[in-house]
$ cat final00.cif   # mmCIF, C-alpha atoms and all ligand atoms
data_work
#
loop_
_atom_site.label_atom_id
_atom_site.label_comp_id
_atom_site.auth_asym_id
_atom_site.auth_seq_id
_atom_site.Cartn_x
_atom_site.Cartn_y
_atom_site.Cartn_z
CA MET A 64 0.00 0.00 0.00
CA PRO A 65 1.56 3.28 -1.12
CA LYS A 66 0.70 5.25 2.02
CA VAL A 67 2.18 2.62 4.31
CA ASP A 68 5.31 2.35 2.17
CA ASP A 69 5.75 6.13 2.19
CA ILE A 70 5.47 6.34 5.97
CA ILE A 71 8.01 3.56 6.43
CA ALA A 72 10.35 5.20 3.90
CA THR A 73 10.11 8.55 5.72
CA ALA A 74 10.94 6.93 9.06
CA ARG A 75 13.89 5.12 7.46
CA SER A 76 15.20 8.34 5.89
CA GLU A 77 15.22 9.89 9.37
CA ASN A 78 16.80 6.80 10.93
CA ARG A 79 13.73 6.24 13.09
CA THR A 80 12.30 2.87 14.04
CA TYR A 81 9.53 4.41 16.17
CA LEU A 82 6.62 5.75 14.14
CA LEU A 83 4.85 8.83 15.43
CA GLU A 84 1.21 8.44 16.48
CA HIS A 85 -0.21 10.07 13.33
CA GLU A 86 1.97 7.82 11.17
CA SER A 87 0.82 4.69 13.00
CA LYS A 88 -2.81 5.79 12.88
CA THR A 89 -2.59 6.60 9.16
CA ILE A 90 -1.31 3.06 8.58
CA LEU A 91 -4.18 1.67 10.65
CA LYS A 92 -6.68 3.78 8.72
CA SER A 93 -5.42 2.42 5.43
CA TYR A 94 -6.27 -1.05 6.76
CA ASN A 95 -9.75 0.21 7.65
CA LEU A 96 -9.16 0.02 11.36
CA PRO A 97 -11.31 2.30 13.55
CA VAL A 98 -9.09 5.10 14.91
CA THR A 99 -9.85 8.42 16.60
CA GLN A 100 -10.04 11.40 14.28
CA PHE A 101 -6.82 13.41 14.39
CA GLU A 102 -4.80 16.36 13.05
CA VAL A 103 -1.17 17.38 13.47
CA ALA A 104 -0.57 20.96 14.62
CA GLU A 105 2.74 22.80 14.55
CA SER A 106 1.52 25.96 16.24
CA VAL A 107 -1.01 27.04 18.85
CA ASP A 108 -3.24 28.58 16.17
CA ALA A 109 -3.09 25.43 14.08
CA ALA A 110 -4.07 23.40 17.16
CA VAL A 111 -7.15 25.59 17.74
CA LYS A 112 -8.08 25.29 14.07
CA ALA A 113 -7.69 21.52 14.24
CA ALA A 114 -9.85 21.34 17.39
CA THR A 115 -12.61 23.31 15.65
CA LYS A 116 -12.45 20.95 12.70
CA ILE A 117 -12.55 17.83 14.87
CA GLY A 118 -15.12 19.21 17.31
CA TYR A 119 -14.85 19.63 21.09
CA PRO A 120 -13.91 18.07 23.45
CA VAL A 121 -10.43 17.21 22.20
CA VAL A 122 -7.25 15.54 23.40
CA LEU A 123 -3.75 16.98 22.96
CA LYS A 124 -0.67 14.80 22.83
CA ILE A 125 3.02 15.49 22.38
CA LEU A 126 4.42 14.59 18.99
CA SER A 127 8.07 13.71 19.42
CA PRO A 128 10.25 10.92 18.05
CA ASP A 129 11.98 10.95 21.45
CA VAL A 130 8.86 10.37 23.56
CA ILE A 131 7.45 6.85 23.46
CA HIS A 132 5.42 6.93 26.69
CA LYS A 133 3.64 10.23 26.30
CA SER A 134 1.78 10.47 29.62
CA ASP A 135 4.96 9.68 31.61
CA VAL A 136 6.33 13.09 30.61
CA GLY A 137 3.10 15.07 30.93
CA GLY A 138 2.49 14.75 27.22
CA VAL A 139 -1.25 13.97 27.20
CA LEU A 140 -4.17 16.26 28.09
CA LEU A 141 -7.70 14.90 27.91
CA ASN A 142 -11.15 16.41 27.50
CA LEU A 143 -10.29 20.00 26.55
CA LYS A 144 -13.50 21.87 25.91
CA THR A 145 -12.69 25.34 24.59
CA PRO A 146 -10.17 27.15 22.33
CA ASP A 147 -8.67 28.73 25.46
CA GLU A 148 -8.11 25.32 27.02
CA VAL A 149 -6.43 24.18 23.80
CA ARG A 150 -4.15 27.27 23.76
CA GLU A 151 -3.19 26.78 27.39
CA GLY A 152 -2.88 23.01 26.97
CA TYR A 153 -0.55 23.37 23.99
CA GLU A 154 1.90 25.46 26.04
CA THR A 155 1.53 23.24 29.11
CA ILE A 156 2.41 20.07 27.20
CA ILE A 157 5.43 21.61 25.52
CA SER A 158 6.82 23.02 28.75
CA LYS A 159 6.21 19.77 30.67
CA VAL A 160 7.96 17.70 28.03
CA LYS A 161 10.89 20.13 27.91
CA GLN A 162 11.13 19.86 31.68
CA HIS A 163 11.20 16.04 31.64
CA LYS A 164 13.23 15.58 28.47
CA PRO A 165 15.16 18.74 27.65
CA ASN A 166 16.71 17.24 24.51
CA ALA A 167 13.53 15.86 23.01
CA GLU A 168 12.85 16.97 19.46
CA ILE A 169 9.28 18.32 19.45
CA ARG A 170 7.49 18.05 16.10
CA GLY A 171 4.28 19.63 17.30
CA ILE A 172 1.08 18.57 18.96
CA PHE A 173 -1.33 15.87 17.99
CA VAL A 174 -4.97 17.01 18.27
CA GLU A 175 -7.46 14.22 18.61
CA GLU A 176 -11.15 13.58 19.12
CA PHE A 177 -11.92 12.78 22.80
CA ALA A 178 -13.32 9.26 22.62
CA SER A 179 -16.13 8.38 25.02
CA LYS A 180 -15.21 5.91 27.71
CA GLY A 181 -15.29 2.24 26.82
CA ILE A 182 -13.83 -0.95 28.26
CA GLU A 183 -10.07 -0.66 27.73
CA VAL A 184 -8.45 -3.54 25.89
CA ILE A 185 -4.97 -3.99 24.52
CA ILE A 186 -4.22 -5.46 21.15
CA GLY A 187 -0.61 -5.95 20.13
CA ALA A 188 1.76 -7.68 17.78
CA LEU A 189 5.33 -8.69 18.46
CA LYS A 190 8.00 -10.84 16.84
CA ASP A 191 8.62 -14.18 18.40
CA PRO A 192 12.20 -15.26 17.60
CA GLN A 193 11.03 -18.75 16.64
CA PHE A 194 7.52 -18.29 15.28
CA GLY A 195 7.67 -14.83 13.73
CA PRO A 196 4.86 -12.29 14.16
CA ALA A 197 2.45 -13.08 16.98
CA LEU A 198 -0.68 -11.32 18.17
CA MET A 199 -1.63 -10.45 21.71
CA PHE A 200 -4.97 -9.65 23.33
CA GLY A 201 -5.77 -8.54 26.86
CA LEU A 202 -7.83 -6.19 28.99
CA GLY A 203 -6.21 -2.85 29.82
CA GLY A 204 -4.51 -1.61 32.98
CA ILE A 205 -3.81 -4.01 35.83
CA PHE A 206 -5.15 -6.99 33.92
CA VAL A 207 -2.16 -6.89 31.62
CA GLU A 208 0.44 -5.21 33.83
CA VAL A 209 -0.12 -7.08 37.09
CA LEU A 210 -2.13 -10.17 36.25
CA LYS A 211 -0.55 -10.88 32.85
CA ASP A 212 -3.97 -11.99 31.68
CA VAL A 213 -3.24 -12.10 27.96
CA SER A 214 -3.62 -14.49 25.05
CA PHE A 215 -1.26 -15.03 22.11
CA ARG A 216 -1.49 -16.54 18.62
CA VAL A 217 1.03 -16.77 15.82
CA ALA A 218 0.03 -14.67 12.77
CA PRO A 219 -1.76 -14.99 10.43
CA ILE A 220 -4.83 -15.85 12.47
CA THR A 221 -8.28 -17.02 11.43
CA LYS A 222 -11.58 -15.62 12.63
CA TYR A 223 -11.86 -18.62 14.92
CA ASP A 224 -8.42 -17.89 16.44
CA ALA A 225 -9.49 -14.29 17.06
CA LYS A 226 -12.63 -15.48 18.83
CA GLU A 227 -10.63 -17.89 20.99
CA MET A 228 -8.07 -15.21 21.86
CA ILE A 229 -10.82 -13.01 23.26
CA GLU A 230 -12.74 -15.76 25.03
CA GLU A 231 -9.79 -17.49 26.71
CA ILE A 232 -8.57 -14.61 28.87
CA LYS A 233 -9.65 -14.87 32.51
CA GLY A 234 -11.22 -11.42 32.40
CA TYR A 235 -13.54 -12.38 29.53
CA PRO A 236 -16.71 -12.00 31.68
CA ILE A 237 -15.93 -8.27 31.86
CA LEU A 238 -16.56 -8.15 28.12
CA THR A 239 -19.78 -10.12 28.26
CA GLY A 240 -21.37 -7.61 30.64
CA ILE A 241 -21.27 -7.95 34.39
CA ARG A 242 -23.17 -5.99 37.05
CA GLY A 243 -25.73 -4.74 34.60
CA GLN A 244 -23.15 -3.35 32.20
CA GLU A 245 -23.76 -3.77 28.51
CA ALA A 246 -21.69 -6.42 26.74
CA ALA A 247 -18.78 -5.34 24.56
CA ASP A 248 -18.96 -5.78 20.80
CA THR A 249 -16.50 -8.69 20.60
CA GLU A 250 -17.08 -8.98 16.86
CA ALA A 251 -15.53 -5.50 16.48
CA LEU A 252 -12.52 -6.65 18.55
CA MET A 253 -12.18 -9.78 16.41
CA ASN A 254 -12.12 -7.59 13.31
CA ILE A 255 -9.32 -5.49 14.76
CA LEU A 256 -7.30 -8.61 15.56
CA LEU A 257 -7.81 -9.94 12.03
CA LYS A 258 -6.80 -6.66 10.38
CA ILE A 259 -3.71 -6.35 12.58
CA SER A 260 -2.84 -9.93 11.67
CA LYS A 261 -3.01 -8.98 7.99
CA LEU A 262 -0.99 -5.79 8.52
CA VAL A 263 1.92 -7.50 10.31
CA THR A 264 1.88 -10.37 7.83
CA ASP A 265 1.96 -7.95 4.87
CA TYR A 266 4.72 -5.88 6.52
CA PRO A 267 7.37 -8.07 8.18
CA VAL A 268 9.32 -4.84 8.73
CA ILE A 269 6.97 -4.16 11.67
CA ASN A 270 8.77 -5.38 14.77
CA GLN A 271 6.18 -4.34 17.32
CA LEU A 272 2.71 -2.87 17.32
CA ASP A 273 0.73 -1.71 20.35
CA LEU A 274 -2.85 -0.53 20.43
CA ASN A 275 -2.94 0.49 24.06
CA PRO A 276 -5.72 1.16 24.70
CA VAL A 277 -8.50 0.21 22.34
CA PHE A 278 -11.86 1.40 23.71
CA SER A 279 -14.46 -1.31 23.36
CA TYR A 280 -18.13 -0.28 23.15
CA PRO A 281 -21.49 -2.08 23.10
CA LYS A 282 -21.36 -1.23 19.39
CA GLY A 283 -17.94 -0.96 17.76
CA ALA A 284 -14.47 -0.18 19.11
CA LYS A 285 -11.89 2.56 18.66
CA CYS A 286 -8.07 2.56 18.67
CA VAL A 287 -7.18 5.45 20.97
CA ASP A 288 -3.40 5.05 21.07
CA ALA A 289 -1.19 3.38 18.48
CA ARG A 290 2.50 2.68 18.42
CA ILE A 291 4.44 0.90 15.70
CA ILE A 292 8.12 0.07 15.96
CA LEU A 293 10.04 -1.07 12.90
CA GLU A 294 12.84 -3.59 12.68
CA GLU A 295 16.32 -2.13 12.91
CA GLU A 296 17.57 -1.57 9.41
CA ILE A 297 20.21 -4.02 8.24
CA LYS A 298 22.64 -1.92 6.24
CA THR A 299 24.26 -3.76 3.36
CA GLN A 300 27.20 -2.15 1.61
P1 LIG B 401 0.76 6.92 26.28
O1 LIG B 401 0.37 5.47 26.33
O2 LIG B 401 1.84 7.18 25.28
O3 LIG B 401 1.08 7.48 27.61
P2 LIG B 401 -2.00 7.41 25.34
O4 LIG B 401 -2.22 7.98 23.98
O5 LIG B 401 -2.29 5.96 25.53
O6 LIG B 401 -0.51 7.79 25.77
O7 LIG B 401 -2.86 8.28 26.37
C1 LIG B 401 -2.90 7.97 27.76
C2 LIG B 401 -4.32 7.61 28.21
O8 LIG B 401 -5.20 8.68 27.93
C3 LIG B 401 -4.92 6.40 27.49
O9 LIG B 401 -4.58 5.21 28.13
C4 LIG B 401 -6.41 6.69 27.51
O10 LIG B 401 -6.99 6.23 28.72
C5 LIG B 401 -6.46 8.19 27.48
N1 LIG B 401 -6.69 8.68 26.09
C6 LIG B 401 -5.74 8.86 25.14
N2 LIG B 401 -6.27 9.31 23.98
C7 LIG B 401 -7.59 9.45 24.21
C8 LIG B 401 -8.69 9.89 23.39
N3 LIG B 401 -8.53 10.29 22.13
N4 LIG B 401 -9.93 9.90 23.95
C9 LIG B 401 -10.11 9.52 25.24
N5 LIG B 401 -9.12 9.09 26.05
C10 LIG B 401 -7.87 9.06 25.55
MG MG B 402 -1.07 4.29 25.48
#
$ encode --input "final00.cif" --output "structure tokens"
Amino acid sequence: MPKVDDIIATARSENRTYLLEHESKTILKSYNLPVTQFEVAESVDAAVKAATKIGYPVVLKILSPDVIHKSDVGGVLLNLKTPDEVREGYETIISKVKQHKPNAEIRGIFVEEFASKGIEVIIGALKDPQFGPALMFGLGGIFVEVLKDVSFRVAPITKYDAKEMIEEIKGYPILTGIRGQEAADTEALMNILLKISKLVTDYPVINQLDLNPVFSYPKGAKCVDARIILEEEIKTQ
């Protein structure tokens, strides 16, 4: 796909293996994955313009090839409701990031639609040294970090594999609706798994992919954060 190839070529030309969020989300969009609406802004005025285009409330995130975990350095602001909040937020993020990482190259600010709350799940892909690309599924937060409640399958996967991956985690009842909560649309999650399987199979140059989190809704799902890391380039002379 030309768009995907262009993004990878740009990263290569800048000696980057870490794709910026808008690059990763553009790749996801070209595979018809559901992502939050977004714009890249290189100035405060551009950020306000982008927010108007997207519609309030919005989210601002730092756009830097040197910042992988954006919230760790104060690089994410959620639920901004007015142009003034966007103006102030823009400056706040930049000064926070400069404080935490003085040498970080800042490319601008990523302006994004504020997605309504869903059940947080994590969908990922990584390279197993023996089996090649593998897919991962889990529930967000402590379920993955503390309880390691995740499932894996070697790519490419079938629809049946995707279904099993979702149903075999211990936290699965959370997705089927407990305590009067509506059930999550697991079909939408299966579709994301299948499309990610195709993406990493089509592009072996992808070393790691993290959708952390994906918001899962009673109808549909949305990739709220996306990170793609490429293989190190093997330079032949
Ligand atoms: P990072 O993982 O790099 O710190 P994220 O983009 O995942 O940054 O943002 C941190 C958290 O903020 C997410 O886990 C999610 O809960 C919330 N969040 C991020 N983007 C959005 C969005 N567009 N709408 C609603 N919540 C968001
Ligand atoms: Mg994240």
$ closest_atom_pairs --input "final00.cif" --of "chain A" --to "ligand MG 402 (chain B)" --cutoff "8 Å" --atoms "all atoms listed in the file" --output "CSV"
residue,atom,partner,partner_atom,distance
A:His132,CA,B:MG402,MG,7.1
A:Lys133,CA,B:MG402,MG,7.6
A:Ser134,CA,B:MG402,MG,8.0
A:Leu274,CA,B:MG402,MG,7.2
A:Asn275,CA,B:MG402,MG,4.5
A:Pro276,CA,B:MG402,MG,5.7
A:Val287,CA,B:MG402,MG,7.7
A:Asp288,CA,B:MG402,MG,5.0
A:Ala289,CA,B:MG402,MG,7.1
$ write_last_selection --input "final00.cif" --atoms "C-alpha atoms" --output "compact mmCIF listing (two decimals), keeping the file's coordinate frame"
# COMPACT_ATOMS: atom_id res chain seq x y z
CA HIS A 132 5.42 6.93 26.69
CA LYS A 133 3.64 10.23 26.30
CA SER A 134 1.78 10.47 29.62
CA LEU A 274 -2.85 -0.53 20.43
CA ASN A 275 -2.94 0.49 24.06
CA PRO A 276 -5.72 1.16 24.70
CA VAL A 287 -7.18 5.45 20.97
CA ASP A 288 -3.40 5.05 21.07
CA ALA A 289 -1.19 3.38 18.48
$ residues_near_ligand --input "final00.cif" --ligand "ligand LIG 401 (chain B)" --cutoff "10 Å" --atoms "all atoms listed in the file" --output "MDAnalysis selection string"
chainID A and resid 84 98:101 120:125 130:142 173:185 203:204 273:278 285:290
$ closest_atom_pairs --input "final00.cif" --of "stretch 83-190 of chain A" --to "stretch 215-227 of chain A" --cutoff "12 Å" --atoms "only C-alpha atoms" --output "JSON lines"
{"residue": "A:Ile185", "atom": "CA", "partner": "A:Phe215", "partner_atom": "CA", "distance": 11.9}
{"residue": "A:Ile186", "atom": "CA", "partner": "A:Phe215", "partner_atom": "CA", "distance": 10.1}
{"residue": "A:Gly187", "atom": "CA", "partner": "A:Phe215", "partner_atom": "CA", "distance": 9.3}
{"residue": "A:Ala188", "atom": "CA", "partner": "A:Ala218", "partner_atom": "CA", "distance": 8.8}
{"residue": "A:Leu189", "atom": "CA", "partner": "A:Val217", "partner_atom": "CA", "distance": 9.5}
{"residue": "A:Lys190", "atom": "CA", "partner": "A:Val217", "partner_atom": "CA", "distance": 9.2}
$ closest_residue --input "final00.cif" --among "A:Leu238, A:Ile291, A:Leu262, A:Val207" --to "A:His85" --atoms "only C-alpha atoms"
A:Ile291
$ residues_around --input "final00.cif" --residues "stretch 240-247 of chain A" --least-positions-apart "3" --cutoff "6 Å" --atoms "all atoms listed in the file" --output "list in words"
Ile237, Tyr280 and Pro281 of chain A
$ atom_distance --input "final00.cif" --atom1 "atom CA of A:Ile232" --atom2 "atom CA of A:Ser279"
15.6 Å
